[in-house]
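S.K.: Can you read through this structure? Questions will come right after.
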Amino acid sequence: MLRISYIVVLLGLLAAGCSTDKKAEQKTGKLKVSENGRYLVSENGEPFFWLGDTGWLLFGKLSREEADKYLEDRSKKGFNVIQVMVLHTVPAVNFYGDTAMVNKDVAKPKVTPGNDPKDSVQYDFWDHVDYMVDKAAEKGLYMAMVPVWGSNVKSGFVNQKQAAVYAKFLADRYKDRPNIIWLNGGDIKGSDSLDVWKTIGAVLRKNDPNHLITFHPRGRTTSSEWFHNEKWLDFNMFQSGHRRYDQDTSAKETRHYGEDNWKFVAEDFRLKPVKPSIDGEPSYEGIPQGLHDTLQPRWTANDVRRYAYWSVFAGGFGYTYGHNSVMQMHNPKDKTSAYGSHQYWYDALNDPGARQMLYIKALMLSRPFMERVPDQSLIVNQGEKYDYLIATRGKDYAFVYTYTGRNMKINMGKIAGGKVKACWFNPRDGKTTEIGKFDNKGVEEFNPPGEVKEGNDWVLVLDTL
């Protein structure tokens, strides 16, 4: 059984910049759904913890050199998936002024012979996408690609016939690359242009059997609402969104979950057939609460961590981080910025939330991952909203997360053994502190370090002795 000391060693190696060790760990290749239907695994059955970053405008706004910098940074920080739009707009134009299509028709991709970057005629929009996809593969990164952002379809720029032709073009071009994941949709309800989304999904699956497919939905919705039973949908993705509890006044057809993103996972967890679930867009670091009013307070690293641990402990197979400035690749050339972005993307790369994402990945992979289940029966005093405690466990270990550092009353005996070792794991720096050894029976109360307040988050780690 792996012990907490393994986490410390792993995180120490990564923090020390042992890039050789890390790059050996991060490889791309075929992914598939695990036998139990809850997680993703590599072709040889190794667990794959999805740690994503939203680099939505990567293909359109960055040069080759800038893309190298961004991808290298995300790889070093332990990310293994980049969520990106292929077509943000129709028409779409990249950093070099290359357009993606002929006459604004997605069924007519503009492809030129050759791909010499020194030749402005040969090097086209699609060559630029190819370059970034291949560079990501070199760095152990998967590219989770949205074929066309949802607003373009809703606005009538893409019909069902065009969608079929375009999806086949994408499948034929990228089906043999080792690091592709398809994100159908793009910030839209599946009920908007339903036939187009079903067509894209079906055509991708028919022509590209090598890669996983899901649907990236509108805020406070999940792909399972419309596509859970579609054969092309391999796993569910939800967008918990950017609203506070008091801002969640959405329409009746959406969930009134506020910031409780764990509820989406719990909801998907009950569905049949069993499929994995992930929060593909929680609140971004540095973005205004509620999204559109730039005078509102901004989400911080504290909130990013809370969304991560809540959704993963609820049963999610990974987590996608986002940053306001990075997702739009905000740079000095921009005349405006979305959602009040006040940083350039290359400065925002090192904001604390991004650096802290590695710790949850390391923690989850430090124990047998495939046997893990959510289990709230561990907790006597569960609480609600920011005081909510959430637990996950395997046969010989258990993790319990608190966002505020309040006392935990734990039902012992939920994991094997007569005694357990208890430690505190700090989500802010990845360090662990031993608490002691305890009889594995009755109710035990644990008091996290520090005062009770938002952002004083801790994970109680119990291991069978």
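Labels used: A, B, ... for chains in the order of the structure tokens, numbers from 1 for residues in each chain, and numbers from 1 for ligands as shown.
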Can you list, as number ranges by chain, all residues belonging to range 58-239 of chain A that DSSP tags as strand (DSSP E or B)?
M.R.: A: 81-85, 93, 99, 101-102, 105-109, 142-146, 180-188, 213-217, 219, 221-222, 236-239
S.K.: Keeping only C-alpha atoms, write those residues as a short mmCIF file (atom, residue, chain, number, x, y, z; two decimals), in the first residue's frame.
M.R.:
data_model
loop_
_atom_site.label_atom_id
_atom_site.label_comp_id
_atom_site.auth_asym_id
_atom_site.auth_seq_id
_atom_site.Cartn_x
_atom_site.Cartn_y
_atom_site.Cartn_z
CA VAL A 81 -5.34 17.95 -21.02
CA ILE A 82 -5.80 21.27 -22.83
CA GLN A 83 -9.38 22.22 -23.72
CA VAL A 84 -9.34 24.27 -26.92
CA MET A 85 -11.70 25.57 -29.60
CA VAL A 93 -8.57 33.38 -38.44
CA THR A 99 -8.52 31.60 -42.42
CA MET A 101 -12.47 27.92 -44.38
CA VAL A 102 -13.55 29.10 -47.80
CA ASP A 105 -18.41 27.60 -45.04
CA VAL A 106 -17.29 25.03 -42.46
CA ALA A 107 -17.88 22.32 -45.04
CA LYS A 108 -15.04 23.82 -47.08
CA PRO A 109 -11.86 23.89 -44.95
CA TYR A 142 -3.93 15.67 -24.77
CA MET A 143 -5.86 18.21 -26.83
CA ALA A 144 -9.58 18.17 -25.99
CA MET A 145 -10.87 19.92 -29.11
CA VAL A 146 -14.25 21.61 -29.62
CA ILE A 180 -7.01 13.85 -29.27
CA ILE A 181 -10.22 14.02 -27.24
CA TRP A 182 -13.36 15.44 -28.86
CA LEU A 183 -15.54 17.98 -27.03
CA ASN A 184 -18.72 18.29 -29.06
CA GLY A 185 -20.83 21.39 -28.40
CA GLY A 186 -19.17 24.34 -26.72
CA ASP A 187 -20.97 26.33 -24.00
CA ILE A 188 -24.43 25.54 -25.32
CA ILE A 213 -16.00 11.99 -27.23
CA THR A 214 -18.10 14.08 -24.85
CA PHE A 215 -20.21 17.26 -24.98
CA HIS A 216 -19.27 20.61 -23.40
CA PRO A 217 -22.58 22.19 -22.29
CA GLY A 219 -23.36 26.75 -17.59
CA THR A 221 -26.04 21.97 -17.23
CA THR A 222 -24.56 18.57 -17.99
CA ASN A 236 -20.31 13.14 -19.24
CA MET A 237 -19.07 16.69 -18.85
CA PHE A 238 -20.84 19.43 -16.96
CA GLN A 239 -20.19 23.15 -16.62
#
S.K.: Neighbouring residues of Gly318 in chain A were defined as those with any atom within 7 Å, considering only C-alpha atoms; residues of the same chain fewer than 4 positions away were excluded. Please report them as an mmCIF file with N, CA and C atoms, in the first residue's frame.
M.R.:
data_model
loop_
_atom_site.group_PDB
_atom_site.id
_atom_site.type_symbol
_atom_site.label_atom_id
_atom_site.label_comp_id
_atom_site.auth_asym_id
_atom_site.auth_seq_id
_atom_site.Cartn_x
_atom_site.Cartn_y
_atom_site.Cartn_z
ATOM 1 N N PHE A 49 -5.822 10.358 -14.549
ATOM 2 C CA PHE A 49 -6.487 11.458 -13.844
ATOM 3 C C PHE A 49 -6.421 12.691 -14.735
ATOM 4 N N TRP A 50 -7.547 13.089 -15.259
ATOM 5 C CA TRP A 50 -7.658 14.247 -16.155
ATOM 6 C C TRP A 50 -7.422 15.512 -15.348
ATOM 7 N N LEU A 51 -6.335 16.214 -15.640
ATOM 8 C CA LEU A 51 -6.103 17.532 -15.061
ATOM 9 C C LEU A 51 -6.033 18.505 -16.227
ATOM 10 N N ILE A 278 -17.226 14.603 -15.210
ATOM 11 C CA ILE A 278 -16.188 15.581 -14.868
ATOM 12 C C ILE A 278 -16.741 16.995 -14.962
ATOM 13 N N VAL A 312 -14.154 15.987 -7.471
ATOM 14 C CA VAL A 312 -13.386 14.742 -7.563
ATOM 15 C C VAL A 312 -13.786 13.780 -6.449
#
S.K.: Report as number ranges by chain all protein, DNA and RNA residues lying within 12 Å of Phe264 in chain A, evaluated on only C-alpha atoms, omitting residues in the same chain fewer than 6 positions from it.
M.R.: A: 219-225, 236-241, 254-258, 270-271, 276-280, 282, 307, 310-312, 314-316
S.K.: Just to be explicit: take each residue in the selection above, keep N, CA and C atoms, and write the result as a short mmCIF file (atom, residue, chain, number, x, y, z; two decimals), in the first residue's frame.
M.R.:
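part.cif, written as the output of this step:
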data_model
loop_
_atom_site.label_atom_id
_atom_site.label_comp_id
_atom_site.auth_asym_id
_atom_site.auth_seq_id
_atom_site.Cartn_x
_atom_site.Cartn_y
_atom_site.Cartn_z
N GLY A 219 -23.53 26.67 -19.03
CA GLY A 219 -23.36 26.75 -17.59
C GLY A 219 -24.54 26.18 -16.84
N ARG A 220 -24.23 25.46 -15.74
CA ARG A 220 -25.21 24.83 -14.86
C ARG A 220 -26.02 23.75 -15.56
N THR A 221 -25.42 23.13 -16.58
CA THR A 221 -26.04 21.97 -17.23
C THR A 221 -24.99 20.89 -17.43
N THR A 222 -25.44 19.70 -17.77
CA THR A 222 -24.56 18.57 -17.99
C THR A 222 -24.94 17.85 -19.28
N SER A 223 -23.96 17.26 -19.92
CA SER A 223 -24.19 16.55 -21.18
C SER A 223 -25.22 15.44 -21.03
N SER A 224 -25.34 14.90 -19.83
CA SER A 224 -26.26 13.78 -19.61
C SER A 224 -27.72 14.18 -19.81
N GLU A 225 -28.02 15.46 -19.77
CA GLU A 225 -29.40 15.90 -19.99
C GLU A 225 -29.93 15.50 -21.36
N ASN A 236 -19.54 11.90 -19.42
CA ASN A 236 -20.31 13.14 -19.24
C ASN A 236 -19.42 14.28 -18.77
N MET A 237 -19.73 15.46 -19.27
CA MET A 237 -19.07 16.69 -18.85
C MET A 237 -20.14 17.69 -18.46
N PHE A 238 -19.93 18.36 -17.34
CA PHE A 238 -20.84 19.43 -16.96
C PHE A 238 -20.06 20.72 -16.78
N GLN A 239 -20.77 21.83 -16.88
CA GLN A 239 -20.19 23.15 -16.62
C GLN A 239 -20.89 23.70 -15.39
N SER A 240 -20.21 23.64 -14.25
CA SER A 240 -20.85 24.14 -13.03
C SER A 240 -20.98 25.66 -13.06
N GLY A 241 -20.13 26.33 -13.84
CA GLY A 241 -20.32 27.73 -14.11
C GLY A 241 -19.66 28.68 -13.11
N THR A 254 -32.69 24.48 -15.61
CA THR A 254 -31.31 24.29 -15.16
C THR A 254 -31.28 24.04 -13.66
N ARG A 255 -30.15 23.59 -13.17
CA ARG A 255 -30.05 23.20 -11.77
C ARG A 255 -29.78 24.39 -10.87
N HIS A 256 -30.46 24.43 -9.76
CA HIS A 256 -30.21 25.47 -8.76
C HIS A 256 -29.22 24.91 -7.74
N TYR A 257 -28.00 24.68 -8.19
CA TYR A 257 -26.98 24.09 -7.33
C TYR A 257 -26.01 25.14 -6.81
N GLY A 258 -26.10 26.37 -7.32
CA GLY A 258 -25.14 27.37 -6.89
C GLY A 258 -23.72 26.90 -7.11
N ARG A 270 -25.74 8.40 -10.62
CA ARG A 270 -26.90 7.52 -10.47
C ARG A 270 -27.43 6.99 -11.79
N LEU A 271 -26.95 7.54 -12.91
CA LEU A 271 -27.51 7.19 -14.22
C LEU A 271 -27.04 5.83 -14.72
N PRO A 276 -18.41 7.88 -16.88
CA PRO A 276 -17.62 8.82 -16.06
C PRO A 276 -18.18 10.23 -16.16
N SER A 277 -17.84 11.06 -15.17
CA SER A 277 -18.33 12.44 -15.13
C SER A 277 -17.22 13.37 -14.68
N ILE A 278 -17.23 14.60 -15.21
CA ILE A 278 -16.19 15.58 -14.87
C ILE A 278 -16.74 17.00 -14.96
N ASP A 279 -16.24 17.88 -14.10
CA ASP A 279 -16.53 19.32 -14.19
C ASP A 279 -15.57 19.92 -15.20
N GLY A 280 -16.07 20.19 -16.41
CA GLY A 280 -15.24 20.71 -17.49
C GLY A 280 -15.16 22.22 -17.53
N PRO A 282 -15.64 24.88 -14.20
CA PRO A 282 -16.06 25.54 -12.97
C PRO A 282 -15.67 27.02 -13.04
N TYR A 307 -13.75 23.74 -5.74
CA TYR A 307 -14.45 23.06 -6.84
C TYR A 307 -13.74 21.75 -7.22
N TRP A 310 -14.24 19.07 -4.23
CA TRP A 310 -15.65 18.69 -4.13
C TRP A 310 -16.06 17.75 -5.27
N SER A 311 -15.72 18.12 -6.50
CA SER A 311 -16.19 17.31 -7.64
C SER A 311 -15.45 15.99 -7.75
N VAL A 312 -14.15 15.99 -7.47
CA VAL A 312 -13.39 14.74 -7.56
C VAL A 312 -13.79 13.78 -6.45
N ALA A 314 -16.57 13.61 -5.03
CA ALA A 314 -17.93 13.14 -5.30
C ALA A 314 -17.95 12.00 -6.31
N GLY A 315 -16.80 11.74 -6.97
CA GLY A 315 -16.72 10.65 -7.93
C GLY A 315 -16.22 11.05 -9.30
N GLY A 316 -15.88 12.33 -9.49
CA GLY A 316 -15.36 12.78 -10.78
C GLY A 316 -14.02 12.13 -11.09
#
S.K.: Could you pull out the alpha helix (DSSP H) residues of range 230-404 of chain A from DSSP and send them as JSON, numbers by chain?
M.R.: {"A": [262, 263, 264, 265, 266, 267, 268, 269, 301, 302, 303, 304, 305, 306, 307, 308, 309, 310, 311, 312, 313, 324, 325, 326, 327, 345, 346, 347, 348, 352, 353, 354, 355, 356, 357, 358, 359, 360, 361, 362, 363, 364, 365]}
S.K.: What separation in Å, quoted to one decimal, exists between CA of Trp345 in chain A and CA of Leu71 in chain A?
M.R.: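 Atom-to-atom, CA of Trp345 in chain A to CA of Leu71 in chain A, that is 12.4 Å.
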S.K.: Residues at most 12 Å from Val274 in chain A, counting only C-alpha atoms, excluding those fewer than 4 positions away in the same chain, as a PyMOL selection string?
M.R.: chain A and resi 33-39+224+228-229+233-236+265+267-270
S.K.: So that I have them on file, write out the residues from the current selection with C-alpha atoms, as a JSON list (two decimals), in the first residue's frame.
M.R.:
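That gives us out_37.json:
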[["chain", "number", "residue", "atom", "x", "y", "z"],
["A", 33, "VAL", "CA", -13.32, 4.10, -20.12],
["A", 34, "SER", "CA", -12.44, 1.82, -17.21],
["A", 35, "GLU", "CA", -14.24, -1.51, -16.77],
["A", 36, "ASN", "CA", -16.30, -0.15, -13.89],
["A", 37, "GLY", "CA", -17.47, 2.75, -16.09],
["A", 38, "ARG", "CA", -16.37, 5.45, -13.63],
["A", 39, "TYR", "CA", -12.89, 6.50, -14.75],
["A", 224, "SER", "CA", -26.26, 13.78, -19.61],
["A", 228, "HIS", "CA", -26.30, 10.20, -21.95],
["A", 229, "ASN", "CA", -27.69, 7.34, -24.02],
["A", 233, "LEU", "CA", -20.86, 9.90, -25.75],
["A", 234, "ASP", "CA", -18.09, 8.16, -23.79],
["A", 235, "PHE", "CA", -18.25, 10.29, -20.64],
["A", 236, "ASN", "CA", -20.31, 13.14, -19.24],
["A", 265, "VAL", "CA", -21.36, 14.38, -10.22],
["A", 267, "GLU", "CA", -26.57, 13.21, -10.32],
["A", 268, "ASP", "CA", -24.55, 11.64, -13.15],
["A", 269, "PHE", "CA", -23.36, 8.90, -10.79],
["A", 270, "ARG", "CA", -26.90, 7.52, -10.47]]
S.K.: Would you pick out the contacts of Asn80 in chain A at 12 Å or less, using only C-alpha atoms, so that residues sharing its chain but fewer than 6 positions from it are not included, and give the list as a PyMOL selection string?
M.R.: chain A and resi 22-23+25-29+48-54+71-74+136-144+179-181+318-321+357-358+361
S.K.: For the selection you just gave me, I'd like the residues written to a file as an mmCIF file, in the first residue's frame, keeping C-alpha atoms.
M.R.:
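Full text of again35.cif as output:
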data_model
loop_
_atom_site.group_PDB
_atom_site.id
_atom_site.type_symbol
_atom_site.label_atom_id
_atom_site.label_comp_id
_atom_site.auth_asym_id
_atom_site.auth_seq_id
_atom_site.Cartn_x
_atom_site.Cartn_y
_atom_site.Cartn_z
ATOM 1 C CA LYS A 22 7.896 13.960 -15.074
ATOM 2 C CA LYS A 23 8.012 13.696 -18.834
ATOM 3 C CA GLU A 25 5.278 9.858 -16.511
ATOM 4 C CA GLN A 26 3.270 11.973 -18.946
ATOM 5 C CA LYS A 27 2.719 10.157 -22.204
ATOM 6 C CA THR A 28 -0.150 10.273 -24.648
ATOM 7 C CA GLY A 29 -1.851 7.346 -26.308
ATOM 8 C CA PHE A 48 -5.698 8.516 -16.114
ATOM 9 C CA PHE A 49 -6.487 11.458 -13.844
ATOM 10 C CA TRP A 50 -7.658 14.247 -16.155
ATOM 11 C CA LEU A 51 -6.103 17.532 -15.061
ATOM 12 C CA GLY A 52 -7.271 20.001 -17.669
ATOM 13 C CA ASP A 53 -6.646 23.638 -18.475
ATOM 14 C CA THR A 54 -8.924 25.821 -20.580
ATOM 15 C CA LEU A 71 2.264 24.085 -23.568
ATOM 16 C CA GLU A 72 5.626 23.703 -21.830
ATOM 17 C CA ASP A 73 4.356 25.580 -18.790
ATOM 18 C CA ARG A 74 1.202 23.480 -18.494
ATOM 19 C CA ALA A 136 1.333 19.013 -27.150
ATOM 20 C CA ALA A 137 1.854 15.295 -27.735
ATOM 21 C CA GLU A 138 5.610 15.762 -27.327
ATOM 22 C CA LYS A 139 4.930 17.284 -23.918
ATOM 23 C CA GLY A 140 2.512 14.587 -22.762
ATOM 24 C CA LEU A 141 -0.602 16.702 -23.289
ATOM 25 C CA TYR A 142 -3.933 15.670 -24.766
ATOM 26 C CA MET A 143 -5.860 18.206 -26.830
ATOM 27 C CA ALA A 144 -9.581 18.170 -25.989
ATOM 28 C CA ASN A 179 -3.507 12.858 -28.116
ATOM 29 C CA ILE A 180 -7.006 13.845 -29.271
ATOM 30 C CA ILE A 181 -10.222 14.022 -27.239
ATOM 31 C CA GLY A 318 -10.581 14.451 -12.927
ATOM 32 C CA TYR A 319 -11.007 18.204 -13.062
ATOM 33 C CA THR A 320 -10.552 21.144 -15.435
ATOM 34 C CA TYR A 321 -8.972 24.350 -14.153
ATOM 35 C CA MET A 357 -3.767 21.835 -9.159
ATOM 36 C CA LEU A 358 -0.848 19.416 -9.195
ATOM 37 C CA LYS A 361 -3.641 14.945 -9.029
#
S.K.: So, counting only C-alpha atoms, which residue among A:Val111, A:Ala391, A:Leu349, A:Ala171 is closest to Asp98 in chain A?
M.R.: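 The answer is A:Val111, which sits nearest to Asp98 in chain A.
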S.K.: Using only C-alpha atoms, find the one residue out of A:Asn207, A:Leu194, A:Val420, A:Arg64 that sits nearest to Lys441 in chain A.
M.R.: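 Distance minimum relative to Lys441 in chain A lands on A:Val420.
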S.K.: Could you tell me which of A:Tyr388, A:Phe157, A:Phe369, A:Trp149 comes closest to Trp56 in chain A if we count only C-alpha atoms?
M.R.: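 Checking each candidate against Trp56 in chain A, we get A:Trp149 as the closest.
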S.K.: Counting only C-alpha atoms, which residue out of A:Val400, A:Ala100, A:Met408, A:Ile360 sits closest to Arg305 in chain A?
M.R.: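 Nearest candidate to Arg305 in chain A out of A:Val400, A:Ala100, A:Met408, A:Ile360: A:Ile360.
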S.K.: I'd like a table as CSV: residues in range 128-194 of chain A with an atom no more than 10 Å from range 116-124 of chain A, each row giving the shortest atom pair and its distance in Å to one decimal, only C-alpha atoms counted, sorted by chain and rising residue number.
M.R.:
residue,atom,partner,partner_atom,distance
A:His128,CA,A:Asp124,CA,6.4
A:Val129,CA,A:Asp124,CA,8.9
A:Asp130,CA,A:Asp124,CA,9.9
A:Tyr131,CA,A:Pro117,CA,9.7
S.K.: For Ser155 in chain A, which residue among A:Thr89, A:Pro374, A:Trp232, A:Phe446 is the nearest when counting only C-alpha atoms?
M.R.: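 Checking each candidate against Ser155 in chain A, we get A:Thr89 as the closest.
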S.K.: Which polymer residues have any atom within 8 Å of an atom of His323 in chain A, counting only C-alpha atoms, with same-chain residues fewer than 2 positions away left out, as a list of chain:residue names?
M.R.: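 Using only C-alpha atoms, the neighbours found are A:Thr54, A:Tyr284, A:Glu285, A:Gly286, A:Ile287, A:Tyr321, A:Ser325, A:Val326, A:Met327, A:Ala348.
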S.K.: How many Å separate CA of Asn302 in chain A from CA of Tyr359 in chain A?
M.R.: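 It comes out at 13.5 Å.
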